[in-house]
$ cat final-v6.txt   # compact mmCIF, N, CA and C atoms
# COMPACT_ATOMS: atom_id res chain seq x y z
N GLN A 882 -85.54 67.70 -35.03
CA GLN A 882 -84.44 66.87 -35.53
C GLN A 882 -84.74 65.41 -35.21
N LEU A 883 -84.58 64.57 -36.20
CA LEU A 883 -84.87 63.16 -36.03
C LEU A 883 -83.65 62.47 -35.42
N GLN A 884 -83.89 61.40 -34.63
CA GLN A 884 -82.83 60.83 -33.81
C GLN A 884 -82.23 59.58 -34.44
N LEU A 885 -80.89 59.53 -34.39
CA LEU A 885 -80.14 58.34 -34.77
C LEU A 885 -79.47 57.78 -33.52
N VAL A 886 -79.33 56.46 -33.46
CA VAL A 886 -78.67 55.81 -32.33
C VAL A 886 -77.60 54.86 -32.87
N GLU A 887 -76.35 55.13 -32.46
CA GLU A 887 -75.24 54.27 -32.86
C GLU A 887 -74.99 53.22 -31.77
N SER A 888 -74.46 52.09 -32.18
CA SER A 888 -74.03 51.06 -31.24
C SER A 888 -72.94 50.22 -31.90
N GLY A 889 -72.26 49.42 -31.06
CA GLY A 889 -71.29 48.48 -31.60
C GLY A 889 -69.84 48.84 -31.38
N GLY A 890 -69.58 50.00 -30.81
CA GLY A 890 -68.20 50.37 -30.55
C GLY A 890 -67.59 49.54 -29.44
N GLY A 891 -66.29 49.71 -29.24
CA GLY A 891 -65.62 48.98 -28.18
C GLY A 891 -64.12 48.97 -28.37
N LEU A 892 -63.48 48.10 -27.60
CA LEU A 892 -62.03 47.92 -27.66
C LEU A 892 -61.73 46.69 -28.50
N VAL A 893 -60.86 46.84 -29.48
CA VAL A 893 -60.50 45.72 -30.35
C VAL A 893 -59.01 45.78 -30.62
N GLN A 894 -58.38 44.64 -30.71
CA GLN A 894 -56.95 44.58 -30.96
C GLN A 894 -56.65 44.90 -32.42
N PRO A 895 -55.46 45.41 -32.70
CA PRO A 895 -55.08 45.68 -34.10
C PRO A 895 -55.28 44.44 -34.97
N GLY A 896 -55.84 44.69 -36.15
CA GLY A 896 -56.14 43.59 -37.06
C GLY A 896 -57.53 43.01 -36.87
N GLY A 897 -58.21 43.41 -35.81
CA GLY A 897 -59.54 42.90 -35.52
C GLY A 897 -60.63 43.63 -36.28
N SER A 898 -61.87 43.25 -36.00
CA SER A 898 -63.03 43.79 -36.70
C SER A 898 -64.10 44.23 -35.71
N LEU A 899 -64.88 45.20 -36.14
CA LEU A 899 -66.07 45.64 -35.42
C LEU A 899 -67.13 45.99 -36.45
N ARG A 900 -68.39 45.86 -36.04
CA ARG A 900 -69.49 46.33 -36.87
C ARG A 900 -70.30 47.33 -36.07
N LEU A 901 -70.37 48.55 -36.58
CA LEU A 901 -71.17 49.59 -35.97
C LEU A 901 -72.56 49.60 -36.61
N SER A 902 -73.55 49.95 -35.79
CA SER A 902 -74.92 50.05 -36.28
C SER A 902 -75.44 51.46 -36.05
N CYS A 903 -76.27 51.92 -36.97
CA CYS A 903 -76.91 53.22 -36.87
C CYS A 903 -78.39 52.99 -37.14
N ALA A 904 -79.22 53.20 -36.13
CA ALA A 904 -80.64 52.89 -36.25
C ALA A 904 -81.49 54.13 -36.02
N ALA A 905 -82.65 54.14 -36.65
CA ALA A 905 -83.61 55.21 -36.44
C ALA A 905 -84.96 54.58 -36.15
N SER A 906 -85.71 55.21 -35.26
CA SER A 906 -87.01 54.64 -34.89
C SER A 906 -88.18 55.45 -35.41
N SER A 907 -87.94 56.72 -35.75
CA SER A 907 -89.07 57.59 -36.07
C SER A 907 -89.11 58.04 -37.53
N PHE A 908 -88.15 57.58 -38.34
CA PHE A 908 -88.18 57.94 -39.75
C PHE A 908 -87.44 56.88 -40.53
N LYS A 909 -87.63 56.89 -41.85
CA LYS A 909 -87.04 55.88 -42.72
C LYS A 909 -85.66 56.33 -43.21
N LEU A 910 -84.65 55.54 -42.86
CA LEU A 910 -83.29 55.89 -43.26
C LEU A 910 -83.08 55.81 -44.76
N ASP A 911 -83.85 54.99 -45.45
CA ASP A 911 -83.58 54.83 -46.89
C ASP A 911 -84.02 56.05 -47.70
N TYR A 912 -84.67 57.02 -47.06
CA TYR A 912 -84.99 58.26 -47.75
C TYR A 912 -83.79 59.21 -47.81
N TYR A 913 -82.75 58.91 -47.04
CA TYR A 913 -81.63 59.82 -46.87
C TYR A 913 -80.30 59.17 -47.25
N SER A 914 -79.34 60.02 -47.58
CA SER A 914 -77.95 59.56 -47.61
C SER A 914 -77.47 59.49 -46.16
N ILE A 915 -76.70 58.46 -45.89
CA ILE A 915 -76.20 58.23 -44.53
C ILE A 915 -74.68 58.19 -44.56
N GLY A 916 -74.08 58.79 -43.56
CA GLY A 916 -72.63 58.79 -43.49
C GLY A 916 -72.14 58.39 -42.12
N TRP A 917 -70.97 57.79 -42.10
CA TRP A 917 -70.24 57.53 -40.86
C TRP A 917 -69.04 58.47 -40.83
N PHE A 918 -68.88 59.13 -39.69
CA PHE A 918 -67.81 60.08 -39.49
C PHE A 918 -67.08 59.71 -38.20
N ARG A 919 -65.83 60.16 -38.10
CA ARG A 919 -65.10 59.91 -36.87
C ARG A 919 -64.32 61.15 -36.48
N GLN A 920 -64.09 61.26 -35.20
CA GLN A 920 -63.28 62.36 -34.70
C GLN A 920 -62.44 61.86 -33.53
N ALA A 921 -61.14 62.01 -33.69
CA ALA A 921 -60.20 61.67 -32.63
C ALA A 921 -59.79 62.96 -31.91
N PRO A 922 -59.34 62.85 -30.66
CA PRO A 922 -58.92 64.05 -29.92
C PRO A 922 -57.86 64.84 -30.68
N GLY A 923 -58.09 66.13 -30.83
CA GLY A 923 -57.12 67.00 -31.48
C GLY A 923 -57.11 66.91 -32.99
N LYS A 924 -58.02 66.14 -33.57
CA LYS A 924 -58.06 65.99 -35.02
C LYS A 924 -59.40 66.48 -35.57
N GLU A 925 -59.40 66.80 -36.86
CA GLU A 925 -60.64 67.21 -37.51
C GLU A 925 -61.54 66.01 -37.75
N ARG A 926 -62.82 66.30 -37.85
CA ARG A 926 -63.78 65.26 -38.19
C ARG A 926 -63.50 64.74 -39.60
N GLU A 927 -63.61 63.43 -39.76
CA GLU A 927 -63.36 62.79 -41.05
C GLU A 927 -64.55 61.92 -41.44
N GLY A 928 -65.02 62.09 -42.65
CA GLY A 928 -66.04 61.19 -43.19
C GLY A 928 -65.38 59.92 -43.65
N VAL A 929 -65.78 58.76 -43.09
CA VAL A 929 -65.11 57.51 -43.42
C VAL A 929 -65.93 56.60 -44.33
N ALA A 930 -67.22 56.82 -44.43
CA ALA A 930 -68.04 56.01 -45.31
C ALA A 930 -69.40 56.69 -45.48
N CYS A 931 -69.84 56.83 -46.71
CA CYS A 931 -71.13 57.43 -46.98
C CYS A 931 -71.85 56.63 -48.05
N ILE A 932 -73.19 56.56 -47.93
CA ILE A 932 -74.00 55.82 -48.89
C ILE A 932 -75.12 56.72 -49.36
N SER A 933 -75.31 56.73 -50.67
CA SER A 933 -76.26 57.64 -51.30
C SER A 933 -77.71 57.18 -51.12
N SER A 934 -78.61 58.16 -51.03
CA SER A 934 -80.03 57.84 -50.97
C SER A 934 -80.59 57.45 -52.33
N SER A 935 -79.95 57.90 -53.41
CA SER A 935 -80.54 57.72 -54.74
C SER A 935 -80.24 56.35 -55.34
N ASP A 936 -79.00 55.86 -55.18
CA ASP A 936 -78.63 54.60 -55.84
C ASP A 936 -77.76 53.69 -54.97
N ASP A 937 -77.62 54.05 -53.69
CA ASP A 937 -76.78 53.28 -52.76
C ASP A 937 -75.32 53.24 -53.19
N SER A 938 -74.90 54.20 -54.01
CA SER A 938 -73.47 54.29 -54.29
C SER A 938 -72.76 54.72 -53.01
N THR A 939 -71.49 54.36 -52.92
CA THR A 939 -70.75 54.59 -51.69
C THR A 939 -69.48 55.38 -51.96
N TYR A 940 -68.97 55.96 -50.90
CA TYR A 940 -67.70 56.68 -50.96
C TYR A 940 -66.89 56.34 -49.72
N TYR A 941 -65.59 56.12 -49.91
CA TYR A 941 -64.65 55.91 -48.81
C TYR A 941 -63.39 56.71 -49.08
N PRO A 942 -62.83 57.33 -48.08
CA PRO A 942 -61.52 57.96 -48.28
C PRO A 942 -60.43 56.89 -48.34
N ASP A 943 -59.27 57.28 -48.82
CA ASP A 943 -58.17 56.32 -48.97
C ASP A 943 -57.77 55.71 -47.62
N SER A 944 -57.98 56.44 -46.54
CA SER A 944 -57.55 55.97 -45.22
C SER A 944 -58.26 54.69 -44.79
N VAL A 945 -59.45 54.43 -45.34
CA VAL A 945 -60.21 53.25 -44.93
C VAL A 945 -60.62 52.36 -46.10
N LYS A 946 -60.35 52.80 -47.32
CA LYS A 946 -60.79 52.06 -48.50
C LYS A 946 -60.23 50.64 -48.47
N GLY A 947 -61.11 49.67 -48.72
CA GLY A 947 -60.70 48.27 -48.69
C GLY A 947 -60.81 47.63 -47.32
N ARG A 948 -61.01 48.43 -46.29
CA ARG A 948 -61.14 47.90 -44.92
C ARG A 948 -62.53 48.12 -44.34
N PHE A 949 -63.18 49.23 -44.70
CA PHE A 949 -64.49 49.58 -44.16
C PHE A 949 -65.54 49.38 -45.25
N THR A 950 -66.74 48.96 -44.83
CA THR A 950 -67.86 48.80 -45.75
C THR A 950 -69.12 49.31 -45.10
N ILE A 951 -69.83 50.21 -45.81
CA ILE A 951 -71.11 50.72 -45.33
C ILE A 951 -72.22 49.99 -46.08
N SER A 952 -73.30 49.69 -45.36
CA SER A 952 -74.40 48.98 -46.00
C SER A 952 -75.71 49.33 -45.29
N ARG A 953 -76.80 49.10 -45.99
CA ARG A 953 -78.14 49.36 -45.44
C ARG A 953 -78.89 48.04 -45.26
N ASP A 954 -79.70 47.96 -44.22
CA ASP A 954 -80.72 46.92 -44.10
C ASP A 954 -82.04 47.67 -43.93
N ASN A 955 -82.74 47.86 -45.03
CA ASN A 955 -83.95 48.68 -44.97
C ASN A 955 -85.05 48.03 -44.13
N ALA A 956 -85.08 46.72 -44.09
CA ALA A 956 -86.09 46.03 -43.28
C ALA A 956 -85.90 46.33 -41.79
N LYS A 957 -84.63 46.52 -41.39
CA LYS A 957 -84.34 46.83 -39.99
C LYS A 957 -84.15 48.33 -39.77
N ASN A 958 -84.27 49.10 -40.86
CA ASN A 958 -84.09 50.55 -40.78
C ASN A 958 -82.76 50.91 -40.10
N THR A 959 -81.72 50.22 -40.54
CA THR A 959 -80.41 50.33 -39.92
C THR A 959 -79.33 50.41 -41.00
N VAL A 960 -78.32 51.21 -40.73
CA VAL A 960 -77.14 51.29 -41.59
C VAL A 960 -75.95 50.78 -40.77
N TYR A 961 -75.11 49.99 -41.41
CA TYR A 961 -73.99 49.38 -40.73
C TYR A 961 -72.66 49.91 -41.27
N LEU A 962 -71.65 49.86 -40.42
CA LEU A 962 -70.28 50.10 -40.84
C LEU A 962 -69.46 48.91 -40.39
N GLN A 963 -69.08 48.08 -41.34
CA GLN A 963 -68.21 46.95 -41.05
C GLN A 963 -66.76 47.42 -41.16
N MET A 964 -66.01 47.26 -40.09
CA MET A 964 -64.63 47.72 -40.04
C MET A 964 -63.72 46.52 -39.82
N ASN A 965 -62.86 46.28 -40.78
CA ASN A 965 -61.92 45.16 -40.72
C ASN A 965 -60.49 45.69 -40.68
N SER A 966 -59.57 44.82 -40.30
CA SER A 966 -58.14 45.17 -40.27
C SER A 966 -57.91 46.49 -39.54
N LEU A 967 -58.49 46.60 -38.38
CA LEU A 967 -58.43 47.86 -37.65
C LEU A 967 -57.02 48.18 -37.19
N LYS A 968 -56.73 49.47 -37.18
CA LYS A 968 -55.41 49.99 -36.83
C LYS A 968 -55.55 50.95 -35.65
N PRO A 969 -54.48 51.20 -34.94
CA PRO A 969 -54.55 52.19 -33.84
C PRO A 969 -55.04 53.56 -34.31
N GLU A 970 -54.70 53.94 -35.53
CA GLU A 970 -55.13 55.25 -36.03
C GLU A 970 -56.63 55.31 -36.34
N ASP A 971 -57.32 54.20 -36.24
CA ASP A 971 -58.78 54.19 -36.38
C ASP A 971 -59.48 54.56 -35.07
N THR A 972 -58.72 54.68 -33.99
CA THR A 972 -59.29 55.05 -32.70
C THR A 972 -59.95 56.42 -32.78
N ALA A 973 -61.22 56.50 -32.41
CA ALA A 973 -61.98 57.75 -32.50
C ALA A 973 -63.38 57.50 -31.97
N VAL A 974 -64.13 58.59 -31.81
CA VAL A 974 -65.57 58.48 -31.64
C VAL A 974 -66.20 58.48 -33.03
N TYR A 975 -67.03 57.49 -33.27
CA TYR A 975 -67.68 57.34 -34.57
C TYR A 975 -69.14 57.79 -34.46
N TYR A 976 -69.55 58.61 -35.42
CA TYR A 976 -70.90 59.15 -35.47
C TYR A 976 -71.54 58.78 -36.80
N CYS A 977 -72.85 58.55 -36.78
CA CYS A 977 -73.58 58.48 -38.05
C CYS A 977 -74.42 59.74 -38.20
N ALA A 978 -74.69 60.07 -39.45
CA ALA A 978 -75.45 61.27 -39.75
C ALA A 978 -76.31 61.01 -40.98
N TYR A 979 -77.37 61.80 -41.13
CA TYR A 979 -78.21 61.68 -42.31
C TYR A 979 -78.33 63.04 -42.98
N ALA A 980 -78.61 63.00 -44.27
CA ALA A 980 -78.73 64.24 -45.03
C ALA A 980 -79.57 64.02 -46.27
N ALA A 981 -80.26 65.06 -46.66
CA ALA A 981 -81.07 65.03 -47.88
C ALA A 981 -80.18 65.38 -49.07
N LEU A 982 -79.15 64.56 -49.26
CA LEU A 982 -78.22 64.71 -50.37
C LEU A 982 -78.30 63.48 -51.23
N LYS A 983 -77.88 63.60 -52.49
CA LYS A 983 -77.86 62.43 -53.36
C LYS A 983 -76.47 61.86 -53.57
N GLU A 984 -75.44 62.65 -53.28
CA GLU A 984 -74.09 62.20 -53.58
C GLU A 984 -73.35 61.82 -52.31
N ALA A 985 -72.89 60.58 -52.27
CA ALA A 985 -72.19 60.08 -51.09
C ALA A 985 -70.87 60.82 -50.87
N GLN A 986 -70.13 61.08 -51.95
CA GLN A 986 -68.84 61.74 -51.78
C GLN A 986 -69.01 63.14 -51.20
N ALA A 987 -69.99 63.87 -51.70
CA ALA A 987 -70.23 65.22 -51.18
C ALA A 987 -70.54 65.19 -49.69
N MET A 988 -71.31 64.20 -49.28
CA MET A 988 -71.66 64.10 -47.87
C MET A 988 -70.42 63.85 -47.02
N CYS A 989 -69.53 63.01 -47.51
CA CYS A 989 -68.36 62.63 -46.71
C CYS A 989 -67.29 63.71 -46.66
N VAL A 990 -67.10 64.46 -47.76
CA VAL A 990 -65.92 65.33 -47.83
C VAL A 990 -66.22 66.80 -47.61
N SER A 991 -67.46 67.23 -47.80
CA SER A 991 -67.75 68.65 -47.72
C SER A 991 -67.58 69.17 -46.30
N ARG A 992 -66.97 70.36 -46.22
CA ARG A 992 -66.84 71.04 -44.93
C ARG A 992 -67.91 72.12 -44.78
N THR A 993 -68.70 72.33 -45.84
CA THR A 993 -69.67 73.43 -45.81
C THR A 993 -71.12 72.97 -45.80
N ILE A 994 -71.37 71.73 -46.22
CA ILE A 994 -72.75 71.24 -46.24
C ILE A 994 -73.17 70.87 -44.82
N ALA A 995 -74.27 71.44 -44.38
CA ALA A 995 -74.79 71.12 -43.04
C ALA A 995 -75.63 69.86 -43.13
N LEU A 996 -75.26 68.85 -42.38
CA LEU A 996 -76.01 67.61 -42.37
C LEU A 996 -77.24 67.76 -41.48
N ASP A 997 -78.25 66.94 -41.75
CA ASP A 997 -79.55 67.16 -41.11
C ASP A 997 -79.63 66.64 -39.68
N GLY A 998 -78.85 65.65 -39.35
CA GLY A 998 -78.92 65.13 -37.99
C GLY A 998 -77.81 64.16 -37.70
N TRP A 999 -77.50 64.01 -36.42
CA TRP A 999 -76.38 63.19 -35.97
C TRP A 999 -76.81 62.27 -34.83
N GLY A 1000 -76.10 61.17 -34.71
CA GLY A 1000 -76.24 60.34 -33.53
C GLY A 1000 -75.33 60.84 -32.42
N GLN A 1001 -75.35 60.11 -31.31
CA GLN A 1001 -74.61 60.55 -30.13
C GLN A 1001 -73.15 60.09 -30.14
N GLY A 1002 -72.81 59.17 -31.01
CA GLY A 1002 -71.45 58.69 -31.13
C GLY A 1002 -71.19 57.42 -30.36
N THR A 1003 -70.23 56.64 -30.85
CA THR A 1003 -69.79 55.43 -30.16
C THR A 1003 -68.27 55.35 -30.27
N GLN A 1004 -67.63 55.01 -29.15
CA GLN A 1004 -66.17 55.01 -29.10
C GLN A 1004 -65.61 53.71 -29.68
N VAL A 1005 -64.62 53.86 -30.53
CA VAL A 1005 -63.85 52.72 -31.04
C VAL A 1005 -62.40 52.93 -30.61
N THR A 1006 -61.83 51.94 -29.95
CA THR A 1006 -60.46 52.03 -29.47
C THR A 1006 -59.66 50.84 -29.97
N VAL A 1007 -58.55 51.14 -30.65
CA VAL A 1007 -57.63 50.12 -31.13
C VAL A 1007 -56.28 50.43 -30.51
N PRO A 1008 -55.85 49.70 -29.51
CA PRO A 1008 -54.60 50.05 -28.80
C PRO A 1008 -53.38 49.78 -29.68
N SER A 1009 -52.34 50.56 -29.43
CA SER A 1009 -51.09 50.36 -30.18
C SER A 1009 -50.16 49.40 -29.46

$ encode --input "final-v6.txt" --output "structure tokens"
Amino acid sequence: QLQLVESGGGLVQPGGSLRLSCAASSFKLDYYSIGWFRQAPGKEREGVACISSSDDSTYYPDSVKGRFTISRDNAKNTVYLQMNSLKPEDTAVYYCAYAALKEAQAMCVSRTIALDGWGQGTQVTVPS
């Protein structure tokens, strides 16, 4: 399994912004679809942003649409999640994952597709 490393989490006040990074050192991220997922205590995992390997099309659920943006920097072999207008309900551990899929929406919403690899997670906390 190839390794992803997330960074950029932290404590931010409501309305603030954070940028998460997902980097790989041993393989090229642009060969894969990449997704950002989050899981809060007692809640199911949620796909919050996914980007396709085929055309860089993106998918966001309604809960984050207009506030979160996923992007690639292929030169740095890094995928970013820019999070703006953060809310207390955004508090969670955020993970990035990669998959040999072409559709961003399928990657984000499927409960049955097994993704190829995950990072270790980074905590994002937005106090109420």

$ residues_around --input "final-v6.txt" --residues "range 996-998 of chain A" --least-positions-apart "3" --cutoff "6.5 Å" --atoms "all atoms listed in the file" --output "list in words"
Gln882, Leu883, Leu885, Cys977, Ala978, Tyr979, Ala980 and Ala981 of chain A

$ closest_residue --input "final-v6.txt" --among "A:Arg919, A:Arg900, A:Arg948, A:Lys909" --to "Thr972 in chain A" --atoms "only N, CA and C atoms"
A:Arg919

$ closest_residue --input "final-v6.txt" --among "A:Phe918, A:Ser933, A:Ser906, A:Pro1008" --to "Glu970 in chain A" --atoms "only N, CA and C atoms"
A:Pro1008

$ closest_residue --input "final-v6.txt" --among "A:Ser938, A:Tyr975, A:Lys924, A:Ala956" --to "Gln1001 in chain A" --atoms "only N, CA and C atoms"
A:Tyr975

$ residues_around --input "final-v6.txt" --residues "Lys983 in chain A" --least-positions-apart "2" --cutoff "7 Å" --atoms "all atoms listed in the file" --output "mmCIF file with N, CA and C atoms, in the frame of the given file"
data_model
loop_
_atom_site.group_PDB
_atom_site.id
_atom_site.type_symbol
_atom_site.label_atom_id
_atom_site.label_comp_id
_atom_site.auth_asym_id
_atom_site.auth_seq_id
_atom_site.Cartn_x
_atom_site.Cartn_y
_atom_site.Cartn_z
ATOM 1 N N SER A 914 -79.340 60.020 -47.580
ATOM 2 C CA SER A 914 -77.950 59.560 -47.610
ATOM 3 C C SER A 914 -77.470 59.490 -46.160
ATOM 4 N N ILE A 932 -73.190 56.560 -47.930
ATOM 5 C CA ILE A 932 -74.000 55.820 -48.890
ATOM 6 C C ILE A 932 -75.120 56.720 -49.360
ATOM 7 N N SER A 933 -75.310 56.730 -50.670
ATOM 8 C CA SER A 933 -76.260 57.640 -51.300
ATOM 9 C C SER A 933 -77.710 57.180 -51.120
ATOM 10 N N SER A 934 -78.610 58.160 -51.030
ATOM 11 C CA SER A 934 -80.030 57.840 -50.970
ATOM 12 C C SER A 934 -80.590 57.450 -52.330
ATOM 13 N N SER A 935 -79.950 57.900 -53.410
ATOM 14 C CA SER A 935 -80.540 57.720 -54.740
ATOM 15 C C SER A 935 -80.240 56.350 -55.340
ATOM 16 N N ASP A 936 -79.000 55.860 -55.180
ATOM 17 C CA ASP A 936 -78.630 54.600 -55.840
ATOM 18 C C ASP A 936 -77.760 53.690 -54.970
ATOM 19 N N ALA A 980 -78.610 63.000 -44.270
ATOM 20 C CA ALA A 980 -78.730 64.240 -45.030
ATOM 21 C C ALA A 980 -79.570 64.020 -46.270
ATOM 22 N N ALA A 981 -80.260 65.060 -46.660
ATOM 23 C CA ALA A 981 -81.070 65.030 -47.880
ATOM 24 C C ALA A 981 -80.180 65.380 -49.070
ATOM 25 N N ALA A 985 -72.890 60.580 -52.270
ATOM 26 C CA ALA A 985 -72.190 60.080 -51.090
ATOM 27 C C ALA A 985 -70.870 60.820 -50.870
ATOM 28 N N GLN A 986 -70.130 61.080 -51.950
ATOM 29 C CA GLN A 986 -68.840 61.740 -51.780
ATOM 30 C C GLN A 986 -69.010 63.140 -51.200
#

$ atom_distance --input "final-v6.txt" --atom1 "CA of Val893 in chain A" --atom2 "atom C of Gln963 in chain A"
12.6 Å

$ select_by_dssp --input "final-v6.txt" --residues "chain A" --states "helix (DSSP H, G or I)" --output "list in words"
Leu910, Asp911, Tyr912, Pro969, Glu970, Asp971, Ala985, Gln986, Ala987, Met988, Cys989 and Val990 of chain A

$ residues_around --input "final-v6.txt" --residues "Gln894 in chain A" --least-positions-apart "4" --cutoff "7 Å" --atoms "only N, CA and C atoms" --output "PyMOL selection string"
chain A and resi 898+967-968+1006-1008

$ residues_around --input "final-v6.txt" --residues "Asp937 in chain A" --least-positions-apart "6" --cutoff "10 Å" --atoms "only C-alpha atoms" --output "mmCIF file with N, CA and C atoms, keeping the file's coordinate frame"
data_model
loop_
_atom_site.group_PDB
_atom_site.id
_atom_site.type_symbol
_atom_site.label_atom_id
_atom_site.label_comp_id
_atom_site.auth_asym_id
_atom_site.auth_seq_id
_atom_site.Cartn_x
_atom_site.Cartn_y
_atom_site.Cartn_z
ATOM 1 N N ASP A 911 -83.850 54.990 -45.450
ATOM 2 C CA ASP A 911 -83.580 54.830 -46.890
ATOM 3 C C ASP A 911 -84.020 56.050 -47.700
ATOM 4 N N SER A 914 -79.340 60.020 -47.580
ATOM 5 C CA SER A 914 -77.950 59.560 -47.610
ATOM 6 C C SER A 914 -77.470 59.490 -46.160
ATOM 7 N N ILE A 915 -76.700 58.460 -45.890
ATOM 8 C CA ILE A 915 -76.200 58.230 -44.530
ATOM 9 C C ILE A 915 -74.680 58.190 -44.560
ATOM 10 N N CYS A 931 -69.840 56.830 -46.710
ATOM 11 C CA CYS A 931 -71.130 57.430 -46.980
ATOM 12 C C CYS A 931 -71.850 56.630 -48.050
ATOM 13 N N ILE A 951 -69.830 50.210 -45.810
ATOM 14 C CA ILE A 951 -71.110 50.720 -45.330
ATOM 15 C C ILE A 951 -72.220 49.990 -46.080
ATOM 16 N N SER A 952 -73.300 49.690 -45.360
ATOM 17 C CA SER A 952 -74.400 48.980 -46.000
ATOM 18 C C SER A 952 -75.710 49.330 -45.290
ATOM 19 N N ARG A 953 -76.800 49.100 -45.990
ATOM 20 C CA ARG A 953 -78.140 49.360 -45.440
ATOM 21 C C ARG A 953 -78.890 48.040 -45.260
ATOM 22 N N LYS A 983 -77.880 63.600 -52.490
ATOM 23 C CA LYS A 983 -77.860 62.430 -53.360
ATOM 24 C C LYS A 983 -76.470 61.860 -53.570
ATOM 25 N N GLU A 984 -75.440 62.650 -53.280
ATOM 26 C CA GLU A 984 -74.090 62.200 -53.580
ATOM 27 C C GLU A 984 -73.350 61.820 -52.310
ATOM 28 N N ALA A 985 -72.890 60.580 -52.270
ATOM 29 C CA ALA A 985 -72.190 60.080 -51.090
ATOM 30 C C ALA A 985 -70.870 60.820 -50.870
#

$ atom_distance --input "final-v6.txt" --atom1 "atom N of Gly896 in chain A" --atom2 "CA of Gly1002 in chain A"
21.6 Å

$ closest_residue --input "final-v6.txt" --among "A:Leu962, A:Glu887, A:Ala905, A:Ala973" --to "Ala930 in chain A" --atoms "all atoms listed in the file"
A:Leu962

$ closest_residue --input "final-v6.txt" --among "A:Thr939, A:Asn958, A:Ser902, A:Ser907" --to "Gly889 in chain A" --atoms "only N, CA and C atoms"
A:Ser902

$ residues_around --input "final-v6.txt" --residues "Asp954 in chain A" --least-positions-apart "5" --cutoff "10 Å" --atoms "only C-alpha atoms" --output "ChimeraX atom specification"
/A:904,910-911,959-961
